[in-house]
Amino acid sequence: MANYKLYTHNDLDGVGCAVLAKLMWKNDVDIEYCNNPNEVTERLNKVNQKKYDTIFITDCSFDFSKVKLDFSRLKLFDHHHTAEYLVDKIPYAVVKEEIDGKATCGTELFYNYLKHKGLQKCADYFVEQVRLYDTWDWAKSSSQIPKYLSMLVYMFSITRFVDVYTERLAKEDLNELTIFNQYERDVLSYEIKRQEKELKKQLKQVQIVDTTQYKLGVIVGDYNMSILGNAICDTYDVDIAIGVNIMRGSINVRTNREEIDLGDIMKSWFKGGGHQKSAGGCLCLSYDDKLDLYHIMLSNIFGFIQSVQNAKECLS
């Protein structure tokens with residue numbers, strides 16, 4: 001029976017935490033991947049906490065008011081400002097947006113903890129590539145490795161990605177020559193060309209919605225919003241790019257406006273959270289008449305739905 005439980009996000013940063021957990025504890029850790037804080041909240045209320053010495057939450061948070069748990073067993077590592085309130089709520093919570101003046105990520109915060117606890121293997125290069133991608137710092141340099149690493153998470157299954165990189169890091173830290181094998185380089189080369197063509201098609205599917213507050217660019221489907229969201233903002237000069245995945249019941253948003261805080265918007269409206277310019281949430285369908293933008297977004301995303309009540313009936 002595993003002594004440790006890990007709930008982590010299902011993007012590169014969250015999966016990077018899973019790699020480190022496997023590197024530290026091998027098969028002595030149970031890992032579950034979550035899409036948003038609401039999902040973490042639901043799973044925490046179902047877990048048999050007596051089975052585990054420690055329950056970790058990385059690159060994600062939860063709704064403290066809705067969780068009944070022995071928080072003495074819980075350790076949280078997050079870099080989203082929407083989770084800062086948890087520092088005063090639970091005994092062990094590390095929530096930082098920066099380390100030494102640089103934007104950080106869940107993988108880096110978790111890595112620092114594991115090294116302090118005795119992680120013998122060095123994974124500095126791997127962790128830095130995850131940090132560069134998740135903070136979007138990679139876009140300021142000429143290296144595409146962080147983006148390619150994220151692409152592999154979506155191209156391969158999460159389980160395969162974790163197994164591959166745990167095995168590689170168990171031997172030695174990686175570098176720009178060893179982080180991908182030749183097969184992966186070939187697959188990435190093909191995928192890059194395919195994505196360039198696909199991105200042009202996806203941009204044509206964007207619906208522009210003007211509200212009293214913001215100009216929105218909305219697309220419905222299972223897309224990687226890290227790239228598409230920024231392309232929507234640049235192409236259509238919208239305030240917020242919105243990606244809606246109906247099958248997963250999730251919403252991902254991006255902006256390049258300094259005055260907009262998407263983390264707070266997602267936390268307030270969609271039981272989510274995130275950063276100022278990048279955040280996500282779920283289609284929770286809890287409405288408030290004061291949230292005019294929320295109503296407008298839903299009614300436009302689902303064009304055949306005439307009101308919020310109709311939306312609730314249609315999706316329930």
# chains A, B, ... in the order shown; residues from 1 in each chain; ligands from 1

$ residues_around --residues "Tyr92 (chain A)" --least-positions-apart "5" --cutoff "8 Å" --atoms "only C-alpha atoms" --output "list in words"
Ser72, Leu74, Lys75, Leu76 and Val87 of chain A

$ write_last_selection --atoms "all heavy atoms" --output "CSV table (one decimal), in the first residue's frame"
chain,number,residue,atom,x,y,z
A,72,SER,N,-3.7,18.1,8.9
A,72,SER,CA,-2.3,17.8,9.3
A,72,SER,C,-1.6,16.9,8.4
A,72,SER,O,-0.4,16.8,8.4
A,72,SER,CB,-2.4,17.3,10.8
A,72,SER,OG,-3.0,16.0,10.8
A,74,LEU,N,-1.9,17.1,5.1
A,74,LEU,CA,-2.0,17.7,3.8
A,74,LEU,C,-0.8,18.7,3.6
A,74,LEU,O,-0.5,19.4,4.5
A,74,LEU,CB,-3.3,18.4,3.6
A,74,LEU,CG,-3.6,19.0,2.2
A,74,LEU,CD1,-3.8,17.9,1.2
A,74,LEU,CD2,-4.8,19.9,2.3
A,75,LYS,N,-0.2,18.6,2.4
A,75,LYS,CA,0.9,19.6,2.0
A,75,LYS,C,0.5,20.1,0.6
A,75,LYS,O,0.3,19.3,-0.3
A,75,LYS,CB,2.2,18.9,2.1
A,75,LYS,CG,2.7,18.5,3.5
A,75,LYS,CD,4.1,18.0,3.4
A,75,LYS,CE,4.5,17.3,4.8
A,75,LYS,NZ,4.4,18.3,5.9
A,76,LEU,N,0.5,21.4,0.5
A,76,LEU,CA,0.1,22.0,-0.8
A,76,LEU,C,1.2,22.9,-1.3
A,76,LEU,O,1.9,23.6,-0.6
A,76,LEU,CB,-1.2,22.9,-0.6
A,76,LEU,CG,-1.7,23.6,-1.8
A,76,LEU,CD1,-3.2,23.6,-1.8
A,76,LEU,CD2,-1.2,25.1,-1.8
A,87,VAL,N,-2.7,29.6,2.8
A,87,VAL,CA,-1.5,29.6,3.6
A,87,VAL,C,-1.9,29.8,5.1
A,87,VAL,O,-1.3,29.3,6.0
A,87,VAL,CB,-0.5,30.8,3.2
A,87,VAL,CG1,0.6,30.9,4.2
A,87,VAL,CG2,0.0,30.5,1.8

$ residues_around --residues "region 58-67 of chain A" --least-positions-apart "2" --cutoff "7 Å" --atoms "only C-alpha atoms" --output "list in words"
Tyr7, Thr8, His9, Asp13, Gly14, Cys17, Asn36, Pro37, Asn38, Val40, Thr41, Leu44, Asn45, Phe56, Leu69, Leu76, Phe77, Asp78, His79, Ala83 and Gly106 of chain A

$ closest_residue --among "A:Asn256, A:Thr82, A:Gln120, A:Asn181" --to "Trp25 (chain A)" --atoms "only C-alpha atoms"
A:Gln120

$ residues_around --residues "Tyr148 (chain A)" --least-positions-apart "6" --cutoff "10 Å" --atoms "only C-alpha atoms" --output "PyMOL selection string"
chain A and resi 129+133+180+184-185+188-189+191-192

$ write_last_selection --atoms "N, CA, C and O atoms" --output "PDB file, in the first residue's frame"
ATOM      1  N   GLN A 129      12.947  23.584 -17.504  1.00  0.00           N
ATOM      2  CA  GLN A 129      12.179  23.593 -18.754  1.00  0.00           C
ATOM      3  C   GLN A 129      10.676  23.676 -18.457  1.00  0.00           C
ATOM      4  O   GLN A 129       9.930  24.377 -19.152  1.00  0.00           O
ATOM      5  N   TYR A 133       8.208  26.934 -19.445  1.00  0.00           N
ATOM      6  CA  TYR A 133       6.964  26.814 -20.217  1.00  0.00           C
ATOM      7  C   TYR A 133       5.773  27.350 -19.431  1.00  0.00           C
ATOM      8  O   TYR A 133       4.975  28.132 -19.962  1.00  0.00           O
ATOM      9  N   PHE A 180      15.080  14.681 -25.367  1.00  0.00           N
ATOM     10  CA  PHE A 180      14.246  13.950 -26.324  1.00  0.00           C
ATOM     11  C   PHE A 180      15.098  12.903 -27.026  1.00  0.00           C
ATOM     12  O   PHE A 180      16.276  13.155 -27.334  1.00  0.00           O
ATOM     13  N   GLU A 184      11.169  10.798 -30.618  1.00  0.00           N
ATOM     14  CA  GLU A 184      10.388  11.947 -30.151  1.00  0.00           C
ATOM     15  C   GLU A 184      10.667  13.185 -30.992  1.00  0.00           C
ATOM     16  O   GLU A 184       9.760  13.973 -31.282  1.00  0.00           O
ATOM     17  N   ARG A 185      11.911  13.365 -31.401  1.00  0.00           N
ATOM     18  CA  ARG A 185      12.255  14.506 -32.257  1.00  0.00           C
ATOM     19  C   ARG A 185      11.532  14.408 -33.600  1.00  0.00           C
ATOM     20  O   ARG A 185      11.038  15.416 -34.127  1.00  0.00           O
ATOM     21  N   LEU A 188       7.811  15.117 -33.012  1.00  0.00           N
ATOM     22  CA  LEU A 188       7.617  16.537 -32.746  1.00  0.00           C
ATOM     23  C   LEU A 188       7.720  17.364 -34.025  1.00  0.00           C
ATOM     24  O   LEU A 188       6.957  18.316 -34.230  1.00  0.00           O
ATOM     25  N   SER A 189       8.657  17.004 -34.868  1.00  0.00           N
ATOM     26  CA  SER A 189       8.820  17.722 -36.131  1.00  0.00           C
ATOM     27  C   SER A 189       7.552  17.643 -36.974  1.00  0.00           C
ATOM     28  O   SER A 189       7.099  18.641 -37.544  1.00  0.00           O
ATOM     29  N   GLU A 191       4.516  16.973 -35.774  1.00  0.00           N
ATOM     30  CA  GLU A 191       3.426  17.604 -35.050  1.00  0.00           C
ATOM     31  C   GLU A 191       3.479  19.124 -35.152  1.00  0.00           C
ATOM     32  O   GLU A 191       2.439  19.790 -35.218  1.00  0.00           O
ATOM     33  N   ILE A 192       4.658  19.683 -35.172  1.00  0.00           N
ATOM     34  CA  ILE A 192       4.809  21.136 -35.295  1.00  0.00           C
ATOM     35  C   ILE A 192       4.202  21.625 -36.607  1.00  0.00           C
ATOM     36  O   ILE A 192       3.462  22.621 -36.638  1.00  0.00           O
TER      37      ILE A 192
END

$ select_by_dssp --residues "region 39-146 of chain A" --states "strand (DSSP E or B)" --output "PyMOL selection string"
chain A and resi 54-58+74-78+93-95+98-99+102-103

$ residues_around --residues "Glu97 (chain A)" --least-positions-apart "6" --cutoff "9 Å" --atoms "only C-alpha atoms" --output "ChimeraX atom specification"
/A:78-81,103-105,275

$ select_by_dssp --residues "region 132-310 of chain A" --states "helix (DSSP H, G or I)" --output "PyMOL selection string"
chain A and resi 132-134+137-140+145-155+158-171+182-203+225-236+262-269+292-301+308-310

$ atom_distance --atom1 "CA of Gly217 (chain A)" --atom2 "CA of Lys204 (chain A)"
11.0 Å

$ residues_around --residues "region 236-241 of chain A" --least-positions-apart "3" --cutoff "10 Å" --atoms "only C-alpha atoms" --output "NGL selection string"
:A and (203 or 206-210 or 213-219 or 225 or 228-233 or 252-260 or 262 or 277-278)
